[in-house]
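This is upload-v6.pdb. It holds PDB, C-alpha atoms.
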ATOM      1  CA  MET D   1      17.588 -14.247   5.368
ATOM      2  CA  ILE D   2      15.868 -11.815   3.009
ATOM      3  CA  ASP D   3      18.086  -9.616   0.830
ATOM      4  CA  TYR D   4      16.005  -6.451   1.107
ATOM      5  CA  LYS D   5      18.579  -4.484  -0.860
ATOM      6  CA  SER D   6      18.032  -6.569  -4.003
ATOM      7  CA  TYR D   7      14.242  -6.220  -3.709
ATOM      8  CA  PHE D   8      14.576  -2.490  -3.180
ATOM      9  CA  GLU D   9      16.898  -2.085  -6.151
ATOM     10  CA  LYS D  10      14.506  -3.918  -8.476
ATOM     11  CA  GLY D  11      11.557  -1.936  -7.138
ATOM     12  CA  ILE D  12       9.852   0.738  -9.208
ATOM     13  CA  SER D  13       8.760   4.279  -8.445
ATOM     14  CA  TYR D  14       5.171   5.198  -7.693
ATOM     15  CA  GLU D  15       5.032   6.995 -11.032
ATOM     16  CA  LYS D  16       6.168   3.834 -12.867
ATOM     17  CA  TYR D  17       3.589   1.804 -10.908
ATOM     18  CA  VAL D  18       0.833   4.172 -12.102
ATOM     19  CA  GLU D  19       2.220   4.063 -15.651
ATOM     20  CA  ASN D  20       2.183   0.239 -15.559
ATOM     21  CA  MET D  21      -1.409   0.325 -14.333
ATOM     22  CA  GLU D  22      -2.401   2.608 -17.222
ATOM     23  CA  SER D  23      -0.634   0.311 -19.704
ATOM     24  CA  GLU D  24      -2.467  -2.676 -18.283
ATOM     25  CA  LEU D  25      -5.779  -0.819 -18.631
ATOM     26  CA  GLN D  26      -5.082   0.059 -22.246
ATOM     27  CA  SER D  27      -3.904  -3.433 -23.152
ATOM     28  CA  LYS D  28      -7.419  -4.862 -22.725
ATOM     29  CA  ILE D  29      -5.846  -8.184 -21.702
ATOM     30  CA  GLU D  30      -8.333 -10.072 -19.552
ATOM     31  CA  THR D  31      -7.176 -11.704 -16.339
ATOM     32  CA  ILE D  32      -9.084 -12.806 -13.266
ATOM     33  CA  TYR D  33      -8.173  -9.456 -11.673
ATOM     34  CA  SER D  34      -8.404  -7.044 -14.615
ATOM     35  CA  LYS D  35     -11.986  -6.041 -13.778
ATOM     36  CA  TYR D  36     -10.710  -4.317 -10.599
ATOM     37  CA  ILE D  37      -8.070  -2.152 -12.250
ATOM     38  CA  PRO D  38     -10.321   0.573 -13.768
ATOM     39  CA  MET D  39     -11.925   1.348 -10.382
ATOM     40  CA  ASN D  40      -8.544   1.265  -8.639
ATOM     41  CA  ALA D  41      -7.086   3.670 -11.190
ATOM     42  CA  GLN D  42     -10.019   6.044 -10.563
ATOM     43  CA  ARG D  43      -9.538   5.823  -6.790
ATOM     44  CA  MET D  44      -5.849   6.600  -7.097
ATOM     45  CA  LYS D  45      -6.444   9.580  -9.406
ATOM     46  CA  ARG D  46      -9.092  10.931  -7.040
ATOM     47  CA  LEU D  47      -6.799  10.638  -4.032
ATOM     48  CA  GLU D  48      -3.870  12.163  -5.916
ATOM     49  CA  LYS D  49      -6.072  15.208  -6.603
ATOM     50  CA  THR D  50      -7.956  15.508  -3.312
ATOM     51  CA  PHE D  51      -5.717  14.154  -0.552
ATOM     52  CA  ILE D  52      -3.991  16.905   1.403
ATOM     53  CA  LEU D  53      -1.169  15.967   3.729
ATOM     54  CA  ASN D  54      -0.547  18.055   6.786
ATOM     55  CA  LYS D  55       3.263  17.949   6.715
ATOM     56  CA  GLU D  56       3.376  18.644  10.446
ATOM     57  CA  LEU D  57       1.904  15.190  11.063
ATOM     58  CA  VAL D  58       4.942  13.531   9.536
ATOM     59  CA  SER D  59       8.404  14.530  10.651
ATOM     60  CA  VAL D  60      11.169  12.297   9.361
ATOM     61  CA  HIS D  61      14.477  12.683  11.178
ATOM     62  CA  THR D  62      16.608  10.014   9.529
ATOM     63  CA  ASN D  63      16.834   8.607   6.031
ATOM     64  CA  ILE D  64      14.718   5.498   5.586
ATOM     65  CA  LYS D  65      13.565   3.322   2.746
ATOM     66  CA  TRP D  66       9.993   2.226   2.158
ATOM     67  CA  LEU D  67       9.508  -0.913   0.105
ATOM     68  CA  VAL D  68       5.847  -1.563  -0.665
ATOM     69  CA  ILE D  69       4.547  -4.921  -1.854
ATOM     70  CA  SER D  70       1.479  -4.328  -4.008
ATOM     71  CA  GLU D  71      -0.517  -5.210  -7.133
ATOM     72  CA  ASN D  72      -2.591  -3.003  -9.472
ATOM     73  CA  TRP D  73      -5.748  -5.024  -8.839
ATOM     74  CA  CYS D  74      -5.632  -4.526  -5.066
ATOM     75  CA  GLY D  75      -8.399  -2.235  -3.812
ATOM     76  CA  ASP D  76      -6.596  -1.477  -0.550
ATOM     77  CA  ALA D  77      -3.502  -0.435  -2.499
ATOM     78  CA  SER D  78      -5.559   2.049  -4.493
ATOM     79  CA  GLN D  79      -6.647   3.684  -1.226
ATOM     80  CA  ILE D  80      -3.225   3.550   0.445
ATOM     81  CA  LEU D  81      -0.440   3.973  -2.130
ATOM     82  CA  PRO D  82      -1.287   7.603  -3.013
ATOM     83  CA  VAL D  83      -1.003   8.483   0.694
ATOM     84  CA  ILE D  84       2.277   6.594   1.129
ATOM     85  CA  ASN D  85       3.628   8.331  -1.970
ATOM     86  CA  ARG D  86       2.563  11.766  -0.740
ATOM     87  CA  ILE D  87       4.260  11.174   2.623
ATOM     88  CA  ALA D  88       7.466  10.045   0.891
ATOM     89  CA  LYS D  89       7.389  13.037  -1.478
ATOM     90  CA  SER D  90       6.919  15.473   1.393
ATOM     91  CA  SER D  91       9.774  14.011   3.472
ATOM     92  CA  ASP D  92      12.481  16.251   1.996
ATOM     93  CA  ASN D  93      14.074  13.163   0.422
ATOM     94  CA  LYS D  94      14.363  11.350   3.746
ATOM     95  CA  ILE D  95      12.014   8.565   2.622
ATOM     96  CA  GLU D  96      12.933   6.709  -0.533
ATOM     97  CA  LEU D  97       9.945   4.762  -1.880
ATOM     98  CA  LYS D  98      10.008   1.705  -4.137
ATOM     99  CA  ILE D  99       7.221  -0.717  -5.063
ATOM    100  CA  VAL D 100       7.464  -4.398  -5.975
ATOM    101  CA  TYR D 101       4.729  -6.688  -7.215
ATOM    102  CA  ARG D 102       3.561  -9.381  -4.803
ATOM    103  CA  ASP D 103       3.033 -12.106  -7.363
ATOM    104  CA  GLU D 104       6.575 -11.712  -8.701
ATOM    105  CA  ASN D 105       8.152 -11.790  -5.228
ATOM    106  CA  ALA D 106       6.854 -14.869  -3.414
ATOM    107  CA  GLU D 107       9.805 -15.117  -1.014
ATOM    108  CA  LEU D 108       9.404 -11.495   0.096
ATOM    109  CA  ILE D 109       5.651 -11.642   0.745
ATOM    110  CA  ALA D 110       6.123 -14.972   2.539
ATOM    111  CA  GLN D 111       8.156 -13.089   5.150
ATOM    112  CA  HIS D 112       5.440 -10.449   5.627
ATOM    113  CA  LEU D 113       2.193 -12.401   5.872
ATOM    114  CA  THR D 114      -0.869 -11.051   7.664
ATOM    115  CA  ASN D 115      -2.507 -13.797   9.716
ATOM    116  CA  GLY D 116      -1.083 -16.346   7.288
ATOM    117  CA  SER D 117      -2.295 -14.585   4.136
ATOM    118  CA  LYS D 118      -0.461 -12.662   1.406
ATOM    119  CA  SER D 119      -2.533  -9.522   2.005
ATOM    120  CA  ILE D 120      -1.313  -6.324   0.405
ATOM    121  CA  PRO D 121      -0.231  -3.593   0.321
ATOM    122  CA  LYS D 122       2.544  -4.214   2.782
ATOM    123  CA  LEU D 123       4.880  -1.350   3.611
ATOM    124  CA  ILE D 124       8.323  -2.541   4.736
ATOM    125  CA  GLN D 125      10.408   0.092   6.461
ATOM    126  CA  LEU D 126      14.157  -0.335   6.036
ATOM    127  CA  SER D 127      17.190   1.498   7.355
ATOM    128  CA  GLU D 128      19.604   3.177   4.976
ATOM    129  CA  ASP D 129      21.638  -0.044   4.943
ATOM    130  CA  TYR D 130      18.532  -2.143   4.101
ATOM    131  CA  LYS D 131      17.943  -3.620   7.544
ATOM    132  CA  LEU D 132      14.321  -4.322   8.456
ATOM    133  CA  ILE D 133      12.956  -1.781  10.924
ATOM    134  CA  SER D 134       9.250  -2.614  10.802
ATOM    135  CA  ASP D 135       6.345  -3.271   8.504
ATOM    136  CA  TRP D 136       2.788  -2.005   8.210
ATOM    137  CA  GLY D 137      -0.295  -3.122   6.410
ATOM    138  CA  PRO D 138      -2.207  -4.319   4.610
ATOM    139  CA  ARG D 139      -4.603  -1.656   5.863
ATOM    140  CA  PRO D 140      -5.272   0.565   8.907
ATOM    141  CA  LYS D 141      -6.150  -1.281  12.117
ATOM    142  CA  THR D 142      -9.885  -0.495  12.116
ATOM    143  CA  ALA D 143     -10.193  -1.501   8.455
ATOM    144  CA  GLN D 144      -8.353  -4.749   9.171
ATOM    145  CA  GLU D 145     -10.722  -5.531  12.045
ATOM    146  CA  LEU D 146     -13.693  -4.775   9.763
ATOM    147  CA  VAL D 147     -12.383  -7.126   7.052
ATOM    148  CA  VAL D 148     -11.838  -9.954   9.535
ATOM    149  CA  LYS D 149     -15.355  -9.495  10.938
ATOM    150  CA  LEU D 150     -16.977  -9.330   7.484
ATOM    151  CA  LYS D 151     -15.091 -12.360   6.155
ATOM    152  CA  LEU D 152     -16.149 -14.457   9.162
ATOM    153  CA  ASN D 153     -19.824 -13.794   8.419
ATOM    154  CA  PRO D 154     -21.110 -15.963   5.526
ATOM    155  CA  ASP D 155     -23.626 -13.223   4.624
ATOM    156  CA  THR D 156     -20.900 -10.610   4.077
ATOM    157  CA  ALA D 157     -17.820 -12.688   3.239
ATOM    158  CA  LEU D 158     -18.209 -12.383  -0.533
ATOM    159  CA  THR D 159     -19.104  -8.675  -0.535
ATOM    160  CA  TYR D 160     -16.764  -7.420   2.185
ATOM    161  CA  SER D 161     -14.883  -5.125  -0.198
ATOM    162  CA  GLU D 162     -17.965  -2.929  -0.682
ATOM    163  CA  GLU D 163     -18.146  -2.246   3.058
ATOM    164  CA  LEU D 164     -14.387  -1.807   3.222
ATOM    165  CA  HIS D 165     -14.382   0.899   0.555
ATOM    166  CA  LYS D 166     -17.295   2.649   2.272
ATOM    167  CA  TRP D 167     -15.116   2.660   5.382
ATOM    168  CA  TYR D 168     -12.224   4.213   3.424
ATOM    169  CA  ALA D 169     -14.574   6.891   2.062
ATOM    170  CA  LYS D 170     -15.814   7.805   5.556
ATOM    171  CA  ASP D 171     -12.362   7.653   7.135
ATOM    172  CA  THR D 172     -10.763   9.934   4.503
ATOM    173  CA  GLN D 173      -7.303   8.486   5.248
ATOM    174  CA  THR D 174      -7.462   9.760   8.841
ATOM    175  CA  GLU D 175      -6.490   6.506  10.528
ATOM    176  CA  MET D 176      -3.658   5.956   8.075
ATOM    177  CA  LEU D 177      -2.328   9.382   9.010
ATOM    178  CA  GLU D 178      -2.383   8.335  12.653
ATOM    179  CA  GLU D 179      -0.569   5.044  12.025
ATOM    180  CA  LEU D 180       2.057   5.898   9.390
ATOM    181  CA  PRO D 181       3.748   8.739  11.311
ATOM    182  CA  LYS D 182       4.198   6.335  14.231
ATOM    183  CA  LEU D 183       5.943   3.967  11.826
ATOM    184  CA  VAL D 184       8.282   6.740  10.624
ATOM    185  CA  ASN D 185       9.124   7.748  14.189
ATOM    186  CA  HIS D 186       9.427   4.112  15.370
TER     187      HIS D 186
END
So that I can check it, write out the structure of this file as structure tokens.
Amino acid sequence: MIDYKSYFEKGISYEKYVENMESELQSKIETIYSKYIPMNAQRMKRLEKTFILNKELVSVHTNIKWLVISENWCGDASQILPVINRIAKSSDNKIELKIVYRDENAELIAQHLTNGSKSIPKLIQLSEDYKLISDWGPRPKTAQELVVKLKLNPDTALTYSEELHKWYAKDTQTEMLEELPKLVNH
């Protein structure tokens, strides 16, 4: 059985996640994923400035905990984490948000696979006493269907992320704002 409390306690804030991303950018250390981080940082900054949350869409009645499994190099996370953070911040302290890194938490992600893969971000909703309520992710339903379709086609499998980010740009976080409030009011 997963000890969600220990994962939550070792989790970091959204602000620390962004700070870690900035440190990684400045370090100039090359990894197989480092080429994605500059664009993801730009996406997150843009969303932090432009995304407006209609607080009436999200009404949180009980205290809950959101544990998000993510990584700085993940393009979906760059589109989703700013929205999750904004919802948590606007919840009048009813949602406590923490983030853990997927690659450092193999046992946790293994319990929250998407069609057998370690796709992220994955939002895990917990009760105040760290019991699993539900999970969401790695992306809104329509985006997930698009990714599956594109990956099945050999002509688009290697470039699916371009189409995915075009979808995010057109959607303007609308579908996420339909799905996440349902999670909160589960």
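Rounded to one decimal, CA of Leu177 (chain D) and CA of Tyr101 (chain D) lie 23.9 Å from each other.
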Excluding region 4-13 of chain D and its own-chain neighbours fewer than 3 positions away, which residues fall within 9 Å of it when counting all atoms listed in the file? Please give them as a PDB file with C-alpha atoms, in the coordinates of the input.
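As a result, around38.pdb now contains:
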ATOM      1  CA  LYS D  16       6.168   3.834 -12.867  1.00  0.00           C
ATOM      2  CA  TYR D  17       3.589   1.804 -10.908  1.00  0.00           C
ATOM      3  CA  VAL D  18       0.833   4.172 -12.102  1.00  0.00           C
ATOM      4  CA  LYS D  65      13.565   3.322   2.746  1.00  0.00           C
ATOM      5  CA  TRP D  66       9.993   2.226   2.158  1.00  0.00           C
ATOM      6  CA  LEU D  67       9.508  -0.913   0.105  1.00  0.00           C
ATOM      7  CA  VAL D  68       5.847  -1.563  -0.665  1.00  0.00           C
ATOM      8  CA  LEU D  97       9.945   4.762  -1.880  1.00  0.00           C
ATOM      9  CA  LYS D  98      10.008   1.705  -4.137  1.00  0.00           C
ATOM     10  CA  ILE D  99       7.221  -0.717  -5.063  1.00  0.00           C
ATOM     11  CA  VAL D 100       7.464  -4.398  -5.975  1.00  0.00           C
ATOM     12  CA  TYR D 101       4.729  -6.688  -7.215  1.00  0.00           C
ATOM     13  CA  ASN D 105       8.152 -11.790  -5.228  1.00  0.00           C
ATOM     14  CA  LEU D 108       9.404 -11.495   0.096  1.00  0.00           C
ATOM     15  CA  LEU D 126      14.157  -0.335   6.036  1.00  0.00           C
ATOM     16  CA  ASP D 129      21.638  -0.044   4.943  1.00  0.00           C
ATOM     17  CA  TYR D 130      18.532  -2.143   4.101  1.00  0.00           C
ATOM     18  CA  LYS D 131      17.943  -3.620   7.544  1.00  0.00           C
ATOM     19  CA  LEU D 132      14.321  -4.322   8.456  1.00  0.00           C
TER      20      LEU D 132
END
Exercise for review: Decode the PyMOL selection byres ((chain D and resi 146-156) around 12) for the given file into explicit residues and return them as a PyMOL selection string.
Suggested key: chain D and resi 76+114-115+117+119+138-145+157-168
When you look at His61 (chain D) with a cut-off of 12 Å (counting only C-alpha atoms), what residues show up, excluding the ones that are within fewer than 2 positions of it in the same chain? I need them as a list in words.
Val58, Ser59, Asn63, Ile64, Ser91, Asp92, Asn93, Lys94, Ile95, Pro181, Val184, Asn185 and His186 of chain D
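Using only C-alpha atoms, the nearest neighbour of Lys45 (chain D) within the list D:Glu22, D:Tyr33, D:Leu183, D:Glu107 is D:Glu22.
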Shortest contact to Thr172 (chain D), candidates D:Val83, D:Ala88, D:Val60, D:Ile69, atoms counted only C-alpha atoms, goes to D:Val83
Separating CA of Tyr36 (chain D) from CA of Trp73 (chain D), to the nearest tenth of an Å, is a gap of 5.3 Å
Original post:
Do you know which residues are at most 9 Å from Lys118 (chain D) counting all atoms listed in the file, after dropping those on the same chain fewer than 4 positions away, and could you put them as a list in words?
Top reply: Arg102, Ile109, Ala110, His112, Leu113 and Thr114 of chain D
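CA of Lys28 (chain D) sits 14.2 Å away from CA of Asn72 (chain D).
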*asked:* At a cut-off of 9 Å, using only C-alpha atoms, what residues contact Arg43 (chain D)? Leave out same-chain residues fewer than 5 positions from it and give the result as a list of chain:residue names.
replied: D:Pro38, D:Glu48, D:Gly75, D:Ser78, D:Gln79
